[in-house]
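Visitor: Dumping the structure here so I can ask a few things about it.
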Amino acid sequence: MTEDDIYRTSTQYRLWSFTRESLASLRSTTNASAADGVRAAIRSQHVGQAGSDPAREGSNDKPSDPAKEVDCLTVEEEQKLVGFYCVKAMQFADFCEFPTNVKATAVQYLKRFYLSNSPMTYHPKEMMAAALFLSTKTENHYTSLRSFASKLPKTTPESVVAPEFLLTQGLRFTFDVRHPHRGLEGGIMELLGLAQGKGQAGPGIKQSSEQLQKEMVDIEPAKESSKKARSADEVVRRIQVAHGKAKEVGKSSALLTDAYFLYTPSQIWLSSLFLADEPLARFYINTKIPTTSTLTPKLISTLQSCAELLRSSASANPGEAEIKALTRIDKKLFKCRNPDKVDLVGINKAQKRDSKGAGENGLDERVIKKRKLEREKSEKEAEGIFGPTLAKETN
Amino acid sequence: MSRAPARNGAAPRRPGDEDDICPVCKSSRYLNPSMRFLVNPECYHKMCESCVDRIFSHGPAPCPVAGCARTLRKARFRRQTFEDLHIEREVDIRRRVAGVFNKREEEFESLRDWNNYLEEVENLTWNLLQGVDVKETEKKLDAYKRQNEQEIKQNAAIESQENANTEAQFAAQREQARLRREAARNEELDERREKEEGRREMVDMMARGDGDADTIARETQKVVLKKSTARRTAAERSRQQAAAKVDNGAAAPLFSIQGLKRVVQPAPEKEYDPFGGYVIKHEYYYLRDHYEHSWLDNARSDAQITAGGYDVREYCARAMMEAFGGLGVFVEDEIREREEMADKGVGTASAAAAGGGGGEGVDGDVL
Amino acid sequence: MAMSPVVTYDSTSNIKVTATKAKSLAVRTNSISKPQNGSTSEPGRGQELAERLNDETKQKYVKDKKLGEGTYAIVYLGHLKADPSSLLAIKKIKVNTEYRDGLSMDAIREVKYLQELSHPNIIALHAVFSSKNQNLNLVLEYLPLGDLEMLIKDSEGIRYGTAEVKAWMGMLGRAVWFCHENFVLHRDIKPNNLLIAADGEVKLADFGLARSFSDPYRPMTYQVITRWYRPPELLFGARFYSGAVDVWSMGTVFAELILRFPFVAGNTDMHQLELICNAIGTPTEENWPGVSKLEGYLKYDKAATIPVRGKDFYLSKFGTAGPVGVDLLMSMLALDPRKRCTSREMLEHKWWSSEPRPTAKEDLPKKGGGPERMGEDLKRRGGEIEDGRGDRVARKLNFGVAKS
């Protein structure tokens with residue numbers, strides 16, 4: 001098995017990787033089905049409220065049908081909203097001083113959840129807290145529910161936990177998210193080794209460590225204005241600078257874009273290195289894959305498109321105009337939320353209560369008992385009609 | 001066949017038996033009661049022990065029987081097991097051939113192949129027996145022997161192990177039978193004793209006059225019965241256990257060396273691979289033992305961390321694996337292909353086939 | 001059209017694992033594709049795509065009878081609706097209404113790691129779905145032949161030798177090595193968690209305490225692994241450790257397989273350390289540099305210090321494994337975790353290539369040996385060897401056997 005094979009066994013590859021087209025169509029389907037759900041819920045609510053007004057019965061398509069007036073969110077609006085709450089999640093994670101992997105996993109949970117669920121059904125504000133809390137659990141960063149809830153304004157522990165099951169269902173019970181951060185560290189370690197003459201090229205490359213070290217000094221500078229590195233030490237510094245930049249990208253843009261769905265973590269970190277210092281990245285790739293291989297051009301083009309995606313990411317610090325647009329969307333959402341799903345705490349409680357009282361096939365125990373009693377009663381009556389049983393009569 | 005078994009031992013013979021006279025020295029049993037006959041597998045001529053000693057003690061010499069000049073050695077003389085020397089010769093030849101051609105039925109794919117093999121071997125043997133094309137046949141034998149030395153040895157080992165096993169099994173069964181007999185005998189004695197006791201008690205009770213005779217009799221009967229049934233069930237159970245134990249014991253005594261090689265036909269058996277076929281081969285990097293990174297230095301030196309066994313190399317290995325795992329995986333292409341196959345509905349069939357065929361290892365889950 | 005996270009089996013993934021048999025009973029394709037524009041979904045309650053996917057998964061499986069119940073979960077026998085002869089275990093994890101922190105860590109860990117790990121010696125998770133009332137249901141492969149603990153304890157009914165021990169240790173070693181290659185610590189290895197499949201293969205189960213290797217400077221809990229199988233560094237409260245903890249557990253399982261009772265069985269953590277000192281040797285700065293820095297370290301009286309036991313001690317106790325086997329055992333039970341072999345080194349040891357050869361899994365002892373086995377044995381008449389057509393054919397005279 002090669003590294004690629006091992007990656008292909010991950011749930012991230014098997015369940016959470018998409019082409020651009022399928023990603024888009026998935027989102028639009030989710031949006032459409034949620035909108036229908038909202039309309040249906042509002043309609044039935046309205047019918048219930050209207051009571052027994054004979055004028056309204058039997059005709060669904062009267063112009064006064066409130067469901068038709070509901071202005072549901074579009075896919076783009078949903079995306080913006082989810083993105084905003086991802087940013088909020090990141091800010092909150094920083095505030096709680098959670099490590100990078102907790103933060104990153106939480107954001108990815110949100111993004112994944114909203115591929116098959118819509119903000120109209122479940123508001124991102126509630127899901128965000130649940131996602132972050134779930135992430136502390138799955139990433140082995142134990143945090144007590146109480147202390148977590150206390151850090152969020154106006155949040156009770158129940159409301160943090162109430163959406164959790166829905167969240168795991170939306171995540172299709174896959175909790176593992178593979179990030180590019182550790183891979184970036186690995187790449188940087190190798191680069192540092194190469195710069196100091198101790199590194200080793202990948203299998204298939206013939207150059208020796210000394211050669212590579214010399215070549216590194218000769219790499220084209222990152223930007224036209226800087227000059228080439230003149231010594232191994234300067235190469236080291238160059239690597240460190242690139243490291244810092246790439247790390248930043250990894251902690252923000254990589255999370256906020258669809259990069260995780262469209263590319264693999266190793267491609268993501270390499271793209272972030274590409275953004276930080278392209279010639280360095282190219283040099284590195286050439287120490288891994290022989291230049292004659294067909295893989296290289298394909299890889300480079302993939303990295304370039306990923307880098308583009310990262311570069312065009314929404315900012316982790318939304319500006320005023322952004323915030324204004326988001327507020328407008330939020331207001332719109334208020335009107336088109338699915339009324340059945342607003343009170344998650346209540347739903348949660350009801351489900352759990354059902355689980356306590358229900359039998360295997362969902363019947364209430366009381367109902368079962370009642371039926372049994374009825375049966376016994378009818379048997380007794382039958383006896384009465386036909387007289388007492390004959391069993392004990394002796395000949 | 002003569003009714004008297006041909007005994008070449010020192011036991012006295014009936015007078016008038018043909019075997020009395022040694023063909024070489026013509027001495028008779030009458031003169032030499034403890035005369036024994038030996039035979040040499042070279043030419044199957046028999047002679048008495050004293051002749052053997054006399055003629056061959058100084059080294060190999062030609063056979064004294066008229067017309068046979070074959071060189072014989074003393075060491076090769078042995079007692080004959082069959083009355084008829086022809087049979088002796090045949091058995092010797094067959095044993096020799098079987099020692100070389102000792103393939104087993106399991107090694108053959110079909111019954112026909114097994115039978116063909118047997119026929120060939122029989123032809124060979126027949127040639128040797130009849131003295132037809134002896135040289136050629138011997139050559140064939142030798143050639144086969146040399147080619148298949150390994151397998152011959154293995155099969156011989158298997159056979160001897162089987163024999164040892166059956167011996168052990170018989171021994172165990174005999175043991176079992178003996179134990180059972182003993183147990184039965186003991187049981188009988190116990191039963192008899194208890195009956196006696198029961199009867200004595202009954203008489204005592206009646207003598208004491210504790211109650212009416214009938215009830216006492218019935219009570220004691222019940223007690224005796226209960227005891228005997230209890231004993232019998234206990235005996236049953238222990239016998240069952242013993243049977244199970246001995247059975248297993250005969251087949252696999254505690255901590256014996258087993259693991260005899262079984263030849264898978266026709267390919268030689270594969271060596272045991274402790275990794276079970278999994279080989280992890282890095283495509284993009286060599287994992288080094290030490291990576292320079294100042295951030296890691298403390299983790300390498302702090303005793304609290306290292307004494308617990310924390311190994312920075314594990315972290316580095318993981319970082320490297322994550323750095324390159326998936327570098328060559330082009331999501332756009334692979335996922336598109338996957339979706340297309342699903343669309344065609346080919347997905348199910350191929351998945352089911354792949355699932356059953358066992359060619360590929362993604363054994364994950366499905367949702 | 002909309003292609004939800006379709007789990008079609010990707011035949012382009014060129015995984016070159018030749019020895020694996022894909023045991024997945026569940027059909028892999030989940031062609032949930034093409035949900036119509038939502039207008040045909042249930043009137044009124046828009047069922048989100050996720051719920052629909054969950055229902056589809058749930059429909060594929062049928063629960064049969066209950067197999068067992070614990071405080072944590074109920075296990076049912078089940079089968080695929082499409083294939084009634086398939087055998088599955090459906091583990092329903094009870095919703096703990098007292099546990100107010102939401103999903104329990106155990107459940108999360110099991111699901112998380114079993115989803116990612118796929119290996120013939122690790123129990124396979126086929127699917128996960130939720131039933132109403134927020135219960136998690138895990139569809140696992142069905143392993144009917146009990147666990148290794150039962151085989152070890154049944155000294156009356158089950159006999160085994162070095163070759164069998166080697167086969168079992170090989171399977172365990174592979175399972176742990178695979179976990180470590182994927183940077184997962186199991187942290188609860190014991191014979192009880194080694195389940196036996198119908199074909200004799202041993203599978204590692206119960207990932208409730210597993211977690212991935214930690215990054216530098218991130219502490220982990222030391223309250224893991226059942227006491228008898230816990231390595232000394234955890235008993236000393238180390239918060240930074242490695243895969244060596246699993247290797248120690250494997251070493252104790254190895255010892256237990258040979259002795260047929262637990263090698264180091266303490267009643268308390270203190271007692272466990274005492275027993276380790278006796279059985280292996282007292283940890284000191286000499287044989288384990290840095291051990292005194294561990295928080296829970298107890299300074300041992302010089303007089304009471306037992307030197308690390310040598311090879312002869314182990315040979316006398318575990319002689320049946322042979323000197324090569326004892327060499328491996330000692331390297332797995334080294335006090336200093338850095339001196340312990342890694343799971344890969346364990347599989348690279350020469351014990352695997354020395355005699356005897358590990359028994360094939362078909363020939364490994366299975367549980368039972370009681371009435372059913374007895375019936376089989378009694379069925380045969382004494383002296384008769386079950387043959388096939390040979391019974392009706394004249395027996396071939398075997399000239400090779402007779403020796404003069």
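Following the order of the structure tokens, chains are lettered A, B, ..., residues in each are numbered from 1, and ligands are numbered from 1.
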List as JSON, numbers by chain the protein and nucleic acid residues near segment 306-318 of chain A, meaning an atom at most 10 Å away when only C-alpha atoms are counted, but skip any in the same chain fewer than 2 places from it.
Guide: {"A": [80, 83, 84, 86, 87, 88, 90, 91, 249, 250, 251, 252, 253, 254, 255, 256, 257, 258, 259, 262, 263, 264, 267, 268, 269, 270, 271, 272, 273, 274, 275, 276, 300, 301, 302, 303, 304, 320, 321, 322, 323, 324, 326]}
Visitor: List every residue of chain A that has an atom at most 7 Å from any atom of chain C, and for each one report the closest atom pair and its distance in Å to one decimal, counting only C-alpha atoms, with rows sorted by chain and then by increasing residue number, as a Markdown table.
Guide:
```
| residue | atom | partner | partner_atom | distance |
| --- | --- | --- | --- | --- |
| A:Met1 | CA | C:Lys16 | CA | 5.9 |
| A:Asp5 | CA | C:Ile15 | CA | 5.5 |
| A:Thr9 | CA | C:Glu116 | CA | 6.8 |
| A:Ser10 | CA | C:Glu116 | CA | 5.4 |
| A:Thr11 | CA | C:Glu116 | CA | 6.2 |
| A:Arg14 | CA | C:Val7 | CA | 6.5 |
| A:Leu15 | CA | C:Pro5 | CA | 5.2 |
| A:Trp16 | CA | C:Pro5 | CA | 6.3 |
| A:Ser22 | CA | C:Met3 | CA | 5.8 |
| A:Ser25 | CA | C:Ala2 | CA | 5.0 |
| A:Leu26 | CA | C:Ala2 | CA | 4.9 |
| A:Thr29 | CA | C:Ala2 | CA | 6.5 |
| A:Thr30 | CA | C:Leu49 | CA | 6.6 |
| A:Ala32 | CA | C:Gly38 | CA | 6.5 |
| A:Ser33 | CA | C:Gly38 | CA | 4.5 |
| A:Ala34 | CA | C:Gly46 | CA | 6.1 |
| A:Asp36 | CA | C:Gly46 | CA | 6.4 |
| A:Gly37 | CA | C:Gly46 | CA | 3.6 |
| A:Ala40 | CA | C:Gly44 | CA | 4.3 |
| A:Ala41 | CA | C:Gly44 | CA | 5.3 |
| A:Ser44 | CA | C:Gly44 | CA | 6.8 |
| A:Ser116 | CA | C:Leu49 | CA | 5.3 |
| A:Asn117 | CA | C:Glu48 | CA | 6.0 |
| A:Lys137 | CA | C:Met105 | CA | 6.8 |
| A:Thr138 | CA | C:Ile108 | CA | 6.8 |
| A:Leu145 | CA | C:Asp101 | CA | 5.9 |
| A:Val161 | CA | C:Gly102 | CA | 5.6 |
| A:Glu164 | CA | C:Gly102 | CA | 6.8 |
| A:Phe165 | CA | C:Gln134 | CA | 6.7 |
| A:Gln169 | CA | C:Ala50 | CA | 6.7 |
| A:Gly170 | CA | C:Ala50 | CA | 5.3 |
| A:Phe173 | CA | C:Val128 | CA | 6.7 |
| A:Thr174 | CA | C:Lys112 | CA | 6.1 |
| A:Phe175 | CA | C:Lys112 | CA | 5.2 |
| A:Asp176 | CA | C:Lys112 | CA | 6.1 |
| A:Gln351 | CA | C:Asn133 | CA | 4.9 |
| A:Lys352 | CA | C:Asn133 | CA | 5.6 |
| A:Asp354 | CA | C:Asn133 | CA | 6.5 |
| A:Ser355 | CA | C:Asn133 | CA | 5.0 |
```
Visitor: When the cut-off is 6 Å and we count only C-alpha atoms, which residues of chain B are near chain A, given as an NGL selection string?
Guide: :B and (279-285 or 319-320 or 322-327 or 331-332)
Visitor: Residues as selected, C-alpha atoms, written as an mmCIF file, in the first residue's frame, can you do that?
Guide:
```
data_model
loop_
_atom_site.group_PDB
_atom_site.id
_atom_site.type_symbol
_atom_site.label_atom_id
_atom_site.label_comp_id
_atom_site.auth_asym_id
_atom_site.auth_seq_id
_atom_site.Cartn_x
_atom_site.Cartn_y
_atom_site.Cartn_z
ATOM 1 C CA VAL B 279 3.237 -4.117 2.549
ATOM 2 C CA ILE B 280 3.496 -0.423 3.162
ATOM 3 C CA LYS B 281 5.715 1.153 0.605
ATOM 4 C CA HIS B 282 6.308 4.837 0.552
ATOM 5 C CA GLU B 283 6.016 6.359 -2.836
ATOM 6 C CA TYR B 284 7.091 9.907 -2.167
ATOM 7 C CA TYR B 285 9.557 9.850 0.668
ATOM 8 C CA ALA B 319 3.506 14.070 9.688
ATOM 9 C CA MET B 320 5.235 12.565 6.688
ATOM 10 C CA GLU B 322 -0.124 12.998 6.154
ATOM 11 C CA ALA B 323 2.119 15.186 4.042
ATOM 12 C CA PHE B 324 1.938 12.813 1.132
ATOM 13 C CA GLY B 325 -1.096 10.663 1.673
ATOM 14 C CA GLY B 326 -3.288 11.609 -1.216
ATOM 15 C CA LEU B 327 -0.848 13.720 -3.144
ATOM 16 C CA VAL B 331 -10.449 13.853 -6.448
ATOM 17 C CA GLU B 332 -12.126 15.454 -9.399
#
```
Visitor: With only C-alpha atoms as the counted atoms, please give the residues lying no more than 12 Å from segment 354-361 of chain C, apart from itself and same-chain residues fewer than 3 positions off, as a VMD selection string.
Guide: (chain B and resid 255 to 262 269 to 274) or (chain C and resid 121 160 to 171 196 to 202 320 to 325 348 to 351 364 to 366)
Visitor: Got time to write the residues from that selection, N, CA and C atoms, as a compact mmCIF listing (two decimals), in the first residue's frame?
Guide:
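Writing the result to selection-v6.txt gives the following:
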```txt
# COMPACT_ATOMS: atom_id res chain seq x y z
N PHE B 255 1.16 -29.17 24.02
CA PHE B 255 2.42 -28.55 23.64
C PHE B 255 3.35 -29.43 22.84
N SER B 256 2.79 -30.33 22.04
CA SER B 256 3.69 -31.07 21.17
C SER B 256 4.00 -30.22 19.96
N ILE B 257 5.05 -30.57 19.31
CA ILE B 257 5.38 -29.84 18.10
C ILE B 257 4.52 -30.38 16.97
N GLN B 258 3.67 -29.55 16.48
CA GLN B 258 2.90 -29.96 15.31
C GLN B 258 3.40 -29.17 14.13
N GLY B 259 2.51 -28.74 13.31
CA GLY B 259 2.93 -27.87 12.22
C GLY B 259 3.73 -28.58 11.18
N LEU B 260 3.39 -29.86 10.88
CA LEU B 260 4.07 -30.51 9.76
C LEU B 260 3.60 -29.86 8.48
N LYS B 261 4.54 -29.76 7.57
CA LYS B 261 4.19 -29.08 6.33
C LYS B 261 3.29 -29.95 5.48
N ARG B 262 2.27 -29.33 4.96
CA ARG B 262 1.43 -30.07 4.02
C ARG B 262 1.69 -29.49 2.64
N GLU B 269 4.38 -24.83 -0.79
CA GLU B 269 3.59 -23.95 0.07
C GLU B 269 4.33 -22.64 0.32
N LYS B 270 3.53 -21.60 0.49
CA LYS B 270 4.13 -20.29 0.66
C LYS B 270 4.65 -20.15 2.08
N GLU B 271 5.66 -19.36 2.20
CA GLU B 271 6.17 -19.09 3.53
C GLU B 271 5.17 -18.26 4.31
N TYR B 272 5.18 -18.43 5.62
CA TYR B 272 4.25 -17.67 6.43
C TYR B 272 4.66 -16.20 6.42
N ASP B 273 3.73 -15.36 6.08
CA ASP B 273 4.04 -13.94 6.06
C ASP B 273 3.42 -13.28 7.27
N PRO B 274 4.22 -12.86 8.23
CA PRO B 274 3.64 -12.28 9.44
C PRO B 274 2.82 -11.03 9.16
N ASN C 121 -7.96 -8.45 10.43
CA ASN C 121 -7.89 -8.79 11.84
C ASN C 121 -8.50 -7.73 12.74
N TYR C 160 -4.11 -26.67 23.01
CA TYR C 160 -3.38 -26.05 21.90
C TYR C 160 -1.90 -26.00 22.22
N GLY C 161 -1.12 -25.84 21.18
CA GLY C 161 0.32 -25.87 21.34
C GLY C 161 0.97 -24.62 20.77
N THR C 162 2.29 -24.70 20.65
CA THR C 162 3.05 -23.52 20.21
C THR C 162 2.60 -23.00 18.87
N ALA C 163 2.26 -23.91 17.96
CA ALA C 163 1.89 -23.44 16.62
C ALA C 163 0.62 -22.61 16.68
N GLU C 164 -0.31 -23.01 17.54
CA GLU C 164 -1.54 -22.23 17.66
C GLU C 164 -1.26 -20.88 18.29
N VAL C 165 -0.45 -20.87 19.33
CA VAL C 165 -0.11 -19.60 19.98
C VAL C 165 0.51 -18.67 18.95
N LYS C 166 1.38 -19.23 18.11
CA LYS C 166 2.03 -18.41 17.11
C LYS C 166 1.01 -17.85 16.14
N ALA C 167 0.04 -18.68 15.74
CA ALA C 167 -0.96 -18.18 14.79
C ALA C 167 -1.76 -17.04 15.41
N TRP C 168 -2.19 -17.24 16.66
CA TRP C 168 -2.99 -16.19 17.29
C TRP C 168 -2.20 -14.91 17.49
N MET C 169 -0.96 -15.06 17.94
CA MET C 169 -0.15 -13.85 18.16
C MET C 169 0.10 -13.13 16.85
N GLY C 170 0.22 -13.91 15.77
CA GLY C 170 0.42 -13.28 14.48
C GLY C 170 -0.76 -12.41 14.11
N MET C 171 -1.96 -12.96 14.34
CA MET C 171 -3.16 -12.19 14.01
C MET C 171 -3.26 -10.93 14.86
N ILE C 196 -13.36 -14.26 17.84
CA ILE C 196 -13.00 -15.29 16.86
C ILE C 196 -14.10 -15.41 15.82
N ALA C 197 -13.71 -15.35 14.57
CA ALA C 197 -14.69 -15.46 13.49
C ALA C 197 -14.92 -16.92 13.15
N ALA C 198 -15.93 -17.16 12.33
CA ALA C 198 -16.29 -18.53 11.99
C ALA C 198 -15.15 -19.25 11.28
N ASP C 199 -14.31 -18.51 10.55
CA ASP C 199 -13.23 -19.18 9.83
C ASP C 199 -11.95 -19.26 10.65
N GLY C 200 -12.05 -18.90 11.93
CA GLY C 200 -10.88 -19.05 12.78
C GLY C 200 -10.05 -17.79 12.94
N GLU C 201 -10.33 -16.79 12.16
CA GLU C 201 -9.54 -15.56 12.23
C GLU C 201 -9.85 -14.80 13.52
N VAL C 202 -8.81 -14.29 14.13
CA VAL C 202 -8.98 -13.52 15.36
C VAL C 202 -9.12 -12.05 15.01
N THR C 320 7.90 -23.52 26.43
CA THR C 320 7.29 -24.10 25.24
C THR C 320 7.34 -23.17 24.04
N ALA C 321 7.53 -21.90 24.28
CA ALA C 321 7.63 -20.99 23.14
C ALA C 321 8.96 -21.13 22.43
N GLY C 322 9.88 -21.80 23.09
CA GLY C 322 11.20 -21.95 22.48
C GLY C 322 12.05 -20.72 22.75
N PRO C 323 13.37 -20.86 22.61
CA PRO C 323 14.24 -19.71 22.92
C PRO C 323 13.98 -18.50 22.05
N VAL C 324 13.60 -18.73 20.80
CA VAL C 324 13.33 -17.57 19.94
C VAL C 324 12.06 -16.87 20.40
N GLY C 325 11.06 -17.67 20.75
CA GLY C 325 9.81 -17.09 21.23
C GLY C 325 10.03 -16.32 22.51
N GLU C 348 8.53 -8.46 12.55
CA GLU C 348 9.74 -8.76 11.79
C GLU C 348 10.66 -9.72 12.54
N HIS C 349 10.24 -10.14 13.71
CA HIS C 349 11.07 -11.02 14.53
C HIS C 349 11.21 -12.38 13.86
N LYS C 350 12.31 -13.07 14.17
CA LYS C 350 12.52 -14.33 13.47
C LYS C 350 11.69 -15.48 14.05
N TRP C 351 10.92 -15.22 15.08
CA TRP C 351 10.09 -16.29 15.62
C TRP C 351 9.09 -16.78 14.58
N LEU C 364 -7.33 -24.05 13.70
CA LEU C 364 -7.22 -23.59 15.08
C LEU C 364 -8.37 -24.15 15.91
N PRO C 365 -8.11 -24.40 17.18
CA PRO C 365 -9.19 -24.94 18.01
C PRO C 365 -10.34 -23.97 18.13
N LYS C 366 -11.54 -24.55 18.15
CA LYS C 366 -12.70 -23.70 18.29
C LYS C 366 -13.35 -24.06 19.61
```
Visitor: From the DSSP assignment of the backbone, select every residue of segment 116-209 of chain C that is alpha helix (DSSP H), and format the answer as a list in words.
Guide: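 So, restricting segment 116-209 of chain C to alpha helix (DSSP H), we get Glu116, Leu148, Glu149, Met150, Leu151, Ile152, Lys153, Thr162, Ala163, Glu164, Val165, Lys166, Ala167, Trp168, Met169, Gly170, Met171, Leu172, Gly173, Arg174, Ala175, Val176, Trp177, Phe178, Cys179, His180 and Glu181 of chain C.
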Visitor: For a quick check of understanding, using only C-alpha atoms, which of C:Leu185, C:Leu257, C:Val291, C:Ala334 has the smallest distance to chain B?
Guide: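 Looking only at the distances to chain B, the closest residue turns out to be C:Val291.
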Visitor: For segment 113-122 of chain B, find every residue with an atom within 9 Å (counting only C-alpha atoms), except residues of its own chain fewer than 3 positions away, and show them as an MDAnalysis selection string.
Guide: chainID B and resid 97:98 101 103:110 125:127
Visitor: Dump C-alpha atoms for the selected residues as a short mmCIF file (atom, residue, chain, number, x, y, z; two decimals), in the first residue's frame?
Guide:
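Result file follows (out-v5.cif):
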```cif
data_model
loop_
_atom_site.label_atom_id
_atom_site.label_comp_id
_atom_site.auth_asym_id
_atom_site.auth_seq_id
_atom_site.Cartn_x
_atom_site.Cartn_y
_atom_site.Cartn_z
CA VAL B 97 9.69 -48.77 -4.93
CA ALA B 98 7.13 -47.53 -2.43
CA PHE B 101 7.22 -43.35 -5.12
CA LYS B 103 2.98 -39.75 -3.29
CA ARG B 104 -0.33 -39.52 -1.52
CA GLU B 105 -3.82 -39.33 -2.92
CA GLU B 106 -4.36 -35.81 -1.62
CA GLU B 107 -1.64 -34.52 -3.89
CA PHE B 108 -3.57 -35.32 -7.03
CA GLU B 109 -6.22 -33.18 -8.56
CA SER B 110 -8.52 -35.93 -9.74
CA THR B 125 7.34 -52.54 -10.19
CA TRP B 126 6.22 -55.24 -12.59
CA ASN B 127 9.25 -54.67 -14.74
#
```
